[in-house]
Amino acid sequence: MRDILIRNADVVVTMDATRRELAGADVLLRGGVIAAVGQGLPALGAEVVEARGCVVTPGLVNTHHHLYQTLTRAVPGGQDALLFGWLKTLYPIWARFGPEEMFVSAQVGLAELALTGCSLSSDHLYLYPNGARLEDTIEAAATVGLRFHPTRGAMSIGESDGGLPPDSLVEREAAILEDMIRVVDAFHDATEGSMVRVGLAPCSPFSVSRDLMREAALLARDKGVMLHTHLAENDEDIAYSLAKFGVRPGQYAEDLGWTGPDVWHAHCVKLDAGEIDLFARSRTGVAHCPCSNCRLGSGIAPVRAMRDAGVPVGLGVDGSASNDAGNLINEARQALLLQRVARGADAMSAREVLEIATLGGAQVLGRGDCGALVPGKRADVAIWDVSGIEAAGSWDPVAALALCGPGRVRDLFVEGRRVVAGGQMVTVDLSTIVERQTALARKLRD
């Protein structure tokens with residue numbers, strides 16, 4: 001792999017230990033790793049990428065998604081529903097998916113993320129109808145070129161047993177655990193710089209049993225992989241936990257082994273002070289999904305309180321049926337705005353939310369090798385052109401990324417390989433995958 005020198009950036013946002021921002025700086029990529037950061041680095045035969053007029057940041061990190069949902073955006077019956085009603089509308093549609101739907105929707109969702117600066121994404125796939133498998137999404141990620149952290153989700157309690165999902169979408173718990181072992185053994189790569197790591201992710205406390213939650217936690221620790229689920233998403237979620245388990249979601253999670261630095265929970269909109277303290281003490285991570293929380297009317301997550309307490313927090317776009325977009329830099333802007341709505345104009349700065357979107361997300365996903373432009377870290381780099389109309393008139397180009405734009409990345413490198421160039425995907429043909437996506441969506445509507 002040829003060295004790449006990103007040269008003459010207006011600002012390089014390092015996200016290093018002191019959060020340095022270097023003016024007129026260069027970044028040297030070598031063998032998939034950040035080799036050097038500084039002014040006037042020699043090219044020495046490297047491919048030169050000019051970055052004048054640009055801000056260079058670490059690639060953004062998406063800590064929560066349901067990629068399959070890019071096939072069910074803006075579905076009329078779910079447009080104005082709260083979480084449980086929204087799920088009831090969409091479950092029958094998702095039950096018609098198969099391997100092709102999973103593959104194509106993942107390609108579309110990951111390409112959308114890449115164009116908005118994301119180099120590393122998790123995914124929570126918790127339904128497997130008609131022969132679909134986790135590897136359908138892993139294969140899609142390989143074509144797009146993003147670093148990927150898929151999670152083997154599951155639902156085991158159907159309507160006939162008092163759960164939300166239809167019986168056709170749930171699996172036997174023994175089969176779930178068996179397949180969790182299979183996908184971890186087949187695809188999880190714990191080495192530094194790995195492109196795929198696998199997590200275990202029973203869907204939610206209202207779609208799996210207490211036994212499966214406990215067994216998944218034991219299995220994850222045995223295999224050395226991370227755990228993920230939805231938690232405390234809205235008022236209905238809290239009411240269900242109190243009625244069904246007699247405790248709040250945080251206590252339920254702790255009782256079953258679902259706290260610790262190898263666990264991250266999605267949403268956590270309704271965590272109370274005691275639960276925030278629990279997550280801080282245990283270093284349990286949170287995937288904050290501000291646009292989805294707005295779209296479903298779930299509320300404003302107490303991110304300021306979480307951060308102040310020391311809870312690891314990253315950003316997530318959530319599924320494209322509840323966002324309905326997958327624009328990660330816009331997610332950062334929404335996170336900033338919501339904290340200011342809740343706590344005042346000084347509640348969160350543009351730089352803090354950029355930290356959450358990069359280094360914070362890498363920490364939540366246990367990726368100490370990502371999230372910063374520091375020698376030795378992986379070469380996941382986003383180049384943002386701030387010379388265009390969206391950022392015109394900006395006095396502070398770094399703050400502009402979160403406050404005004406641009407909304408698309410100019411160039412994106414993952415493991416030192418170019419995924420986006422000049423604002424266009426170079427790894428996949430967008431027109432082809434969008435055409436396939438459109439055809440599949442039309443078939444689902446018919």
# chains A, B, ... in the order shown; residues from 1 in each chain; ligands from 1

$ closest_atom_pairs --of "region 122-179 of chain A" --to "region 429-441 of chain A" --cutoff "12 Å" --atoms "only C-alpha atoms" --output "tab-separated table"
residue	atom	partner	partner_atom	distance
A:Ala140	CA	A:Ile433	CA	10.8
A:Thr143	CA	A:Asp429	CA	10.2
A:Val144	CA	A:Asp429	CA	9.5

$ write_last_selection --atoms "C-alpha atoms" --output "compact mmCIF listing (two decimals), in the first residue's frame"
# COMPACT_ATOMS: atom_id res chain seq x y z
CA ALA A 140 -21.99 -5.70 2.42
CA THR A 143 -17.86 -4.02 -0.41
CA VAL A 144 -18.28 -0.51 0.98

$ residues_around --residues "Val353 (chain A)" --least-positions-apart "3" --cutoff "8 Å" --atoms "only C-alpha atoms" --output "list of chain:residue names"
A:Ala332, A:Arg333, A:Ala335, A:Leu336, A:Met348, A:Ser349, A:Ala350, A:Ile356, A:Ala357, A:Ala402

$ select_by_dssp --residues "region 232-378 of chain A" --states "alpha helix (DSSP H)" --output "VMD selection string"
chain A and resid 235 to 245 249 to 255 273 to 282 290 to 295 303 to 309 328 to 343 350 to 355 361 to 364

$ residues_around --residues "region 116-125 of chain A" --least-positions-apart "4" --cutoff "6 Å" --atoms "only C-alpha atoms" --output "ChimeraX atom specification"
/A:59-66,146-151,153,327-329,382,408-409,414

$ residues_around --residues "Val311 (chain A)" --least-positions-apart "5" --cutoff "9 Å" --atoms "only C-alpha atoms" --output "ChimeraX atom specification"
/A:276-286,303,305-306

$ residues_around --residues "region 248-255 of chain A" --least-positions-apart "5" --cutoff "8 Å" --atoms "only C-alpha atoms" --output "VMD selection string"
chain A and resid 231 to 232 238 241 to 242 271 275 278

$ residues_around --residues "Glu159 (chain A)" --least-positions-apart "2" --cutoff "10 Å" --atoms "only C-alpha atoms" --output "PyMOL selection string"
chain A and resi 157+161-170+207

$ write_last_selection --atoms "all heavy atoms" --output "JSON list (two decimals), in the first residue's frame"
[["chain", "number", "residue", "atom", "x", "y", "z"],
["A", 157, "ILE", "N", -39.31, -13.70, 22.38],
["A", 157, "ILE", "CA", -40.64, -13.67, 22.98],
["A", 157, "ILE", "C", -41.61, -13.03, 22.01],
["A", 157, "ILE", "O", -41.59, -11.81, 21.79],
["A", 157, "ILE", "CB", -40.65, -12.89, 24.32],
["A", 157, "ILE", "CG1", -39.69, -13.54, 25.31],
["A", 157, "ILE", "CG2", -42.06, -12.86, 24.91],
["A", 157, "ILE", "CD1", -39.59, -12.82, 26.63],
["A", 161, "ASP", "N", -46.60, -15.14, 23.57],
["A", 161, "ASP", "CA", -46.03, -15.21, 24.92],
["A", 161, "ASP", "C", -45.99, -13.85, 25.61],
["A", 161, "ASP", "O", -45.30, -13.68, 26.62],
["A", 161, "ASP", "CB", -44.60, -15.78, 24.85],
["A", 161, "ASP", "CG", -44.58, -17.23, 24.41],
["A", 161, "ASP", "OD1", -45.47, -17.99, 24.85],
["A", 161, "ASP", "OD2", -43.69, -17.60, 23.63],
["A", 162, "GLY", "N", -46.74, -12.87, 25.06],
["A", 162, "GLY", "CA", -46.82, -11.56, 25.68],
["A", 162, "GLY", "C", -45.79, -10.56, 25.21],
["A", 162, "GLY", "O", -45.69, -9.45, 25.75],
["A", 163, "GLY", "N", -45.02, -10.90, 24.17],
["A", 163, "GLY", "CA", -44.04, -9.97, 23.63],
["A", 163, "GLY", "C", -44.62, -9.11, 22.52],
["A", 163, "GLY", "O", -45.77, -9.27, 22.12],
["A", 164, "LEU", "N", -43.80, -8.19, 22.01],
["A", 164, "LEU", "CA", -44.25, -7.30, 20.93],
["A", 164, "LEU", "C", -44.14, -7.92, 19.54],
["A", 164, "LEU", "O", -45.05, -7.77, 18.72],
["A", 164, "LEU", "CB", -43.46, -5.99, 20.96],
["A", 164, "LEU", "CG", -43.95, -4.89, 21.89],
["A", 164, "LEU", "CD1", -43.02, -3.70, 21.81],
["A", 164, "LEU", "CD2", -45.36, -4.46, 21.53],
["A", 165, "PRO", "N", -43.04, -8.60, 19.19],
["A", 165, "PRO", "CA", -42.89, -9.06, 17.80],
["A", 165, "PRO", "C", -43.82, -10.20, 17.47],
["A", 165, "PRO", "O", -44.21, -10.99, 18.34],
["A", 165, "PRO", "CB", -41.43, -9.51, 17.74],
["A", 165, "PRO", "CG", -41.04, -9.81, 19.14],
["A", 165, "PRO", "CD", -41.83, -8.88, 20.00],
["A", 166, "PRO", "N", -44.19, -10.34, 16.20],
["A", 166, "PRO", "CA", -44.99, -11.50, 15.78],
["A", 166, "PRO", "C", -44.18, -12.78, 15.96],
["A", 166, "PRO", "O", -42.95, -12.78, 15.89],
["A", 166, "PRO", "CB", -45.28, -11.22, 14.30],
["A", 166, "PRO", "CG", -44.23, -10.26, 13.86],
["A", 166, "PRO", "CD", -43.89, -9.44, 15.07],
["A", 167, "ASP", "N", -44.87, -13.87, 16.18],
["A", 167, "ASP", "CA", -44.19, -15.14, 16.43],
["A", 167, "ASP", "C", -43.28, -15.53, 15.26],
["A", 167, "ASP", "O", -42.28, -16.23, 15.46],
["A", 167, "ASP", "CB", -45.21, -16.24, 16.68],
["A", 167, "ASP", "CG", -45.93, -16.07, 18.02],
["A", 167, "ASP", "OD1", -45.47, -15.26, 18.85],
["A", 167, "ASP", "OD2", -46.96, -16.74, 18.23],
["A", 168, "SER", "N", -43.60, -15.08, 14.05],
["A", 168, "SER", "CA", -42.80, -15.46, 12.88],
["A", 168, "SER", "C", -41.40, -14.85, 12.91],
["A", 168, "SER", "O", -40.51, -15.31, 12.17],
["A", 168, "SER", "CB", -43.52, -15.03, 11.59],
["A", 168, "SER", "OG", -43.65, -13.60, 11.55],
["A", 169, "LEU", "N", -41.18, -13.83, 13.74],
["A", 169, "LEU", "CA", -39.88, -13.17, 13.78],
["A", 169, "LEU", "C", -39.03, -13.55, 14.98],
["A", 169, "LEU", "O", -37.93, -13.03, 15.15],
["A", 169, "LEU", "CB", -40.06, -11.64, 13.75],
["A", 169, "LEU", "CG", -40.33, -11.02, 12.38],
["A", 169, "LEU", "CD1", -40.54, -9.51, 12.51],
["A", 169, "LEU", "CD2", -39.21, -11.32, 11.40],
["A", 170, "VAL", "N", -39.53, -14.43, 15.83],
["A", 170, "VAL", "CA", -38.74, -14.82, 17.00],
["A", 170, "VAL", "C", -38.07, -16.17, 16.75],
["A", 170, "VAL", "O", -38.48, -16.94, 15.87],
["A", 170, "VAL", "CB", -39.59, -14.87, 18.29],
["A", 170, "VAL", "CG1", -40.23, -13.51, 18.54],
["A", 170, "VAL", "CG2", -40.64, -15.96, 18.23],
["A", 207, "SER", "N", -38.39, -8.16, 24.39],
["A", 207, "SER", "CA", -38.48, -9.11, 23.28],
["A", 207, "SER", "C", -37.62, -10.36, 23.50],
["A", 207, "SER", "O", -37.57, -11.23, 22.63],
["A", 207, "SER", "CB", -38.08, -8.44, 21.96],
["A", 207, "SER", "OG", -36.76, -7.94, 22.03]]

$ residues_around --residues "region 100-104 of chain A" --least-positions-apart "6" --cutoff "6 Å" --atoms "only C-alpha atoms" --output "JSON, numbers by chain"
{"A": [68, 136, 137, 140]}

$ write_last_selection --atoms "N, CA, C and O atoms" --output "JSON list (two decimals), in the first residue's frame"
[["chain", "number", "residue", "atom", "x", "y", "z"],
["A", 68, "TYR", "N", -30.77, -2.77, 8.10],
["A", 68, "TYR", "CA", -31.83, -3.34, 7.26],
["A", 68, "TYR", "C", -32.99, -2.36, 7.08],
["A", 68, "TYR", "O", -33.75, -2.45, 6.11],
["A", 136, "ASP", "N", -24.73, -11.58, 5.86],
["A", 136, "ASP", "CA", -25.25, -10.76, 4.76],
["A", 136, "ASP", "C", -24.79, -9.31, 4.91],
["A", 136, "ASP", "O", -24.45, -8.64, 3.92],
["A", 137, "THR", "N", -24.79, -8.81, 6.14],
["A", 137, "THR", "CA", -24.36, -7.43, 6.38],
["A", 137, "THR", "C", -22.85, -7.32, 6.42],
["A", 137, "THR", "O", -22.29, -6.31, 5.99],
["A", 140, "ALA", "N", -21.70, -7.03, 2.95],
["A", 140, "ALA", "CA", -21.99, -5.70, 2.42],
["A", 140, "ALA", "C", -20.97, -4.68, 2.89],
["A", 140, "ALA", "O", -20.51, -3.83, 2.12]]

$ decode --residues "region 54-90 of chain A" --atoms "N, CA and C atoms" --output "PDB file, in the first residue's frame"
ATOM      1  N   CYS A  54      -9.620  22.889   3.920  1.00  0.00           N
ATOM      2  CA  CYS A  54     -10.312  21.757   4.539  1.00  0.00           C
ATOM      3  C   CYS A  54      -9.964  21.621   6.023  1.00  0.00           C
ATOM      4  N   VAL A  55     -10.882  21.007   6.749  1.00  0.00           N
ATOM      5  CA  VAL A  55     -10.637  20.543   8.114  1.00  0.00           C
ATOM      6  C   VAL A  55     -10.500  19.030   8.056  1.00  0.00           C
ATOM      7  N   VAL A  56      -9.478  18.505   8.713  1.00  0.00           N
ATOM      8  CA  VAL A  56      -9.243  17.068   8.752  1.00  0.00           C
ATOM      9  C   VAL A  56      -9.538  16.565  10.163  1.00  0.00           C
ATOM     10  N   THR A  57     -10.369  15.543  10.260  1.00  0.00           N
ATOM     11  CA  THR A  57     -10.743  14.969  11.556  1.00  0.00           C
ATOM     12  C   THR A  57     -10.551  13.455  11.510  1.00  0.00           C
ATOM     13  N   PRO A  58     -10.548  12.814  12.676  1.00  0.00           N
ATOM     14  CA  PRO A  58     -10.692  11.348  12.645  1.00  0.00           C
ATOM     15  C   PRO A  58     -12.018  10.991  11.986  1.00  0.00           C
ATOM     16  N   GLY A  59     -12.094   9.807  11.390  1.00  0.00           N
ATOM     17  CA  GLY A  59     -13.380   9.348  10.882  1.00  0.00           C
ATOM     18  C   GLY A  59     -14.405   9.293  12.004  1.00  0.00           C
ATOM     19  N   LEU A  60     -15.653   9.615  11.692  1.00  0.00           N
ATOM     20  CA  LEU A  60     -16.706   9.569  12.692  1.00  0.00           C
ATOM     21  C   LEU A  60     -17.079   8.109  12.994  1.00  0.00           C
ATOM     22  N   VAL A  61     -17.656   7.897  14.162  1.00  0.00           N
ATOM     23  CA  VAL A  61     -17.985   6.541  14.617  1.00  0.00           C
ATOM     24  C   VAL A  61     -19.478   6.467  14.939  1.00  0.00           C
ATOM     25  N   ASN A  62     -20.150   5.518  14.326  1.00  0.00           N
ATOM     26  CA  ASN A  62     -21.583   5.307  14.540  1.00  0.00           C
ATOM     27  C   ASN A  62     -21.780   4.115  15.469  1.00  0.00           C
ATOM     28  N   THR A  63     -22.352   4.351  16.639  1.00  0.00           N
ATOM     29  CA  THR A  63     -22.435   3.301  17.648  1.00  0.00           C
ATOM     30  C   THR A  63     -23.782   2.571  17.706  1.00  0.00           C
ATOM     31  N   HIS A  64     -24.739   2.942  16.848  1.00  0.00           N
ATOM     32  CA  HIS A  64     -26.018   2.222  16.852  1.00  0.00           C
ATOM     33  C   HIS A  64     -26.727   2.408  15.526  1.00  0.00           C
ATOM     34  N   HIS A  65     -27.098   1.297  14.912  1.00  0.00           N
ATOM     35  CA  HIS A  65     -27.817   1.326  13.636  1.00  0.00           C
ATOM     36  C   HIS A  65     -28.594   0.029  13.499  1.00  0.00           C
ATOM     37  N   HIS A  66     -29.630   0.070  12.668  1.00  0.00           N
ATOM     38  CA  HIS A  66     -30.299  -1.132  12.169  1.00  0.00           C
ATOM     39  C   HIS A  66     -30.295  -0.970  10.658  1.00  0.00           C
ATOM     40  N   LEU A  67     -29.243  -1.436  10.013  1.00  0.00           N
ATOM     41  CA  LEU A  67     -29.042  -1.137   8.599  1.00  0.00           C
ATOM     42  C   LEU A  67     -30.166  -1.660   7.720  1.00  0.00           C
ATOM     43  N   TYR A  68     -30.770  -2.768   8.097  1.00  0.00           N
ATOM     44  CA  TYR A  68     -31.826  -3.336   7.263  1.00  0.00           C
ATOM     45  C   TYR A  68     -32.992  -2.364   7.080  1.00  0.00           C
ATOM     46  N   GLN A  69     -33.126  -1.416   7.975  1.00  0.00           N
ATOM     47  CA  GLN A  69     -34.279  -0.524   7.942  1.00  0.00           C
ATOM     48  C   GLN A  69     -34.201   0.542   6.841  1.00  0.00           C
ATOM     49  N   THR A  70     -33.073   0.615   6.119  1.00  0.00           N
ATOM     50  CA  THR A  70     -33.040   1.579   5.005  1.00  0.00           C
ATOM     51  C   THR A  70     -34.068   1.229   3.930  1.00  0.00           C
ATOM     52  N   LEU A  71     -34.610   0.018   3.978  1.00  0.00           N
ATOM     53  CA  LEU A  71     -35.658  -0.374   3.037  1.00  0.00           C
ATOM     54  C   LEU A  71     -37.044   0.086   3.479  1.00  0.00           C
ATOM     55  N   THR A  72     -37.172   0.600   4.694  1.00  0.00           N
ATOM     56  CA  THR A  72     -38.504   0.980   5.199  1.00  0.00           C
ATOM     57  C   THR A  72     -38.465   2.393   5.785  1.00  0.00           C
ATOM     58  N   ARG A  73     -37.989   3.327   5.010  1.00  0.00           N
ATOM     59  CA  ARG A  73     -38.007   4.729   5.432  1.00  0.00           C
ATOM     60  C   ARG A  73     -39.382   5.332   5.147  1.00  0.00           C
ATOM     61  N   ALA A  74     -39.800   6.208   6.025  1.00  0.00           N
ATOM     62  CA  ALA A  74     -41.023   6.997   5.819  1.00  0.00           C
ATOM     63  C   ALA A  74     -42.239   6.131   5.508  1.00  0.00           C
ATOM     64  N   VAL A  75     -42.348   5.000   6.145  1.00  0.00           N
ATOM     65  CA  VAL A  75     -43.528   4.138   5.959  1.00  0.00           C
ATOM     66  C   VAL A  75     -44.742   4.841   6.579  1.00  0.00           C
ATOM     67  N   PRO A  76     -45.816   5.041   5.814  1.00  0.00           N
ATOM     68  CA  PRO A  76     -46.939   5.843   6.314  1.00  0.00           C
ATOM     69  C   PRO A  76     -47.478   5.424   7.672  1.00  0.00           C
ATOM     70  N   GLY A  77     -47.685   4.153   7.908  1.00  0.00           N
ATOM     71  CA  GLY A  77     -48.273   3.722   9.174  1.00  0.00           C
ATOM     72  C   GLY A  77     -47.398   3.967  10.384  1.00  0.00           C
ATOM     73  N   GLY A  78     -46.099   4.175  10.165  1.00  0.00           N
ATOM     74  CA  GLY A  78     -45.198   4.392  11.288  1.00  0.00           C
ATOM     75  C   GLY A  78     -44.687   5.809  11.418  1.00  0.00           C
ATOM     76  N   GLN A  79     -45.147   6.698  10.554  1.00  0.00           N
ATOM     77  CA  GLN A  79     -44.588   8.055  10.543  1.00  0.00           C
ATOM     78  C   GLN A  79     -44.885   8.844  11.809  1.00  0.00           C
ATOM     79  N   ASP A  80     -46.025   8.609  12.413  1.00  0.00           N
ATOM     80  CA  ASP A  80     -46.449   9.428  13.541  1.00  0.00           C
ATOM     81  C   ASP A  80     -46.709   8.602  14.799  1.00  0.00           C
ATOM     82  N   ALA A  81     -46.069   7.444  14.894  1.00  0.00           N
ATOM     83  CA  ALA A  81     -46.320   6.537  16.019  1.00  0.00           C
ATOM     84  C   ALA A  81     -45.193   6.603  17.044  1.00  0.00           C
ATOM     85  N   LEU A  82     -45.548   6.337  18.302  1.00  0.00           N
ATOM     86  CA  LEU A  82     -44.537   6.136  19.329  1.00  0.00           C
ATOM     87  C   LEU A  82     -43.883   4.771  19.117  1.00  0.00           C
ATOM     88  N   LEU A  83     -42.849   4.479  19.907  1.00  0.00           N
ATOM     89  CA  LEU A  83     -42.008   3.317  19.670  1.00  0.00           C
ATOM     90  C   LEU A  83     -42.794   2.027  19.512  1.00  0.00           C
ATOM     91  N   PHE A  84     -43.636   1.678  20.477  1.00  0.00           N
ATOM     92  CA  PHE A  84     -44.297   0.375  20.420  1.00  0.00           C
ATOM     93  C   PHE A  84     -45.250   0.291  19.229  1.00  0.00           C
ATOM     94  N   GLY A  85     -45.991   1.343  18.949  1.00  0.00           N
ATOM     95  CA  GLY A  85     -46.878   1.359  17.795  1.00  0.00           C
ATOM     96  C   GLY A  85     -46.112   1.330  16.486  1.00  0.00           C
ATOM     97  N   TRP A  86     -44.991   2.005  16.472  1.00  0.00           N
ATOM     98  CA  TRP A  86     -44.126   2.020  15.290  1.00  0.00           C
ATOM     99  C   TRP A  86     -43.632   0.600  14.992  1.00  0.00           C
ATOM    100  N   LEU A  87     -43.206  -0.109  16.030  1.00  0.00           N
ATOM    101  CA  LEU A  87     -42.755  -1.485  15.850  1.00  0.00           C
ATOM    102  C   LEU A  87     -43.879  -2.375  15.325  1.00  0.00           C
ATOM    103  N   LYS A  88     -45.063  -2.219  15.870  1.00  0.00           N
ATOM    104  CA  LYS A  88     -46.201  -3.046  15.448  1.00  0.00           C
ATOM    105  C   LYS A  88     -46.496  -2.852  13.956  1.00  0.00           C
ATOM    106  N   THR A  89     -46.295  -1.625  13.464  1.00  0.00           N
ATOM    107  CA  THR A  89     -46.523  -1.335  12.048  1.00  0.00           C
ATOM    108  C   THR A  89     -45.489  -2.013  11.164  1.00  0.00           C
ATOM    109  N   LEU A  90     -44.241  -2.018  11.602  1.00  0.00           N
ATOM    110  CA  LEU A  90     -43.142  -2.436  10.743  1.00  0.00           C
ATOM    111  C   LEU A  90     -42.788  -3.915  10.837  1.00  0.00           C
TER     112      LEU A  90
END
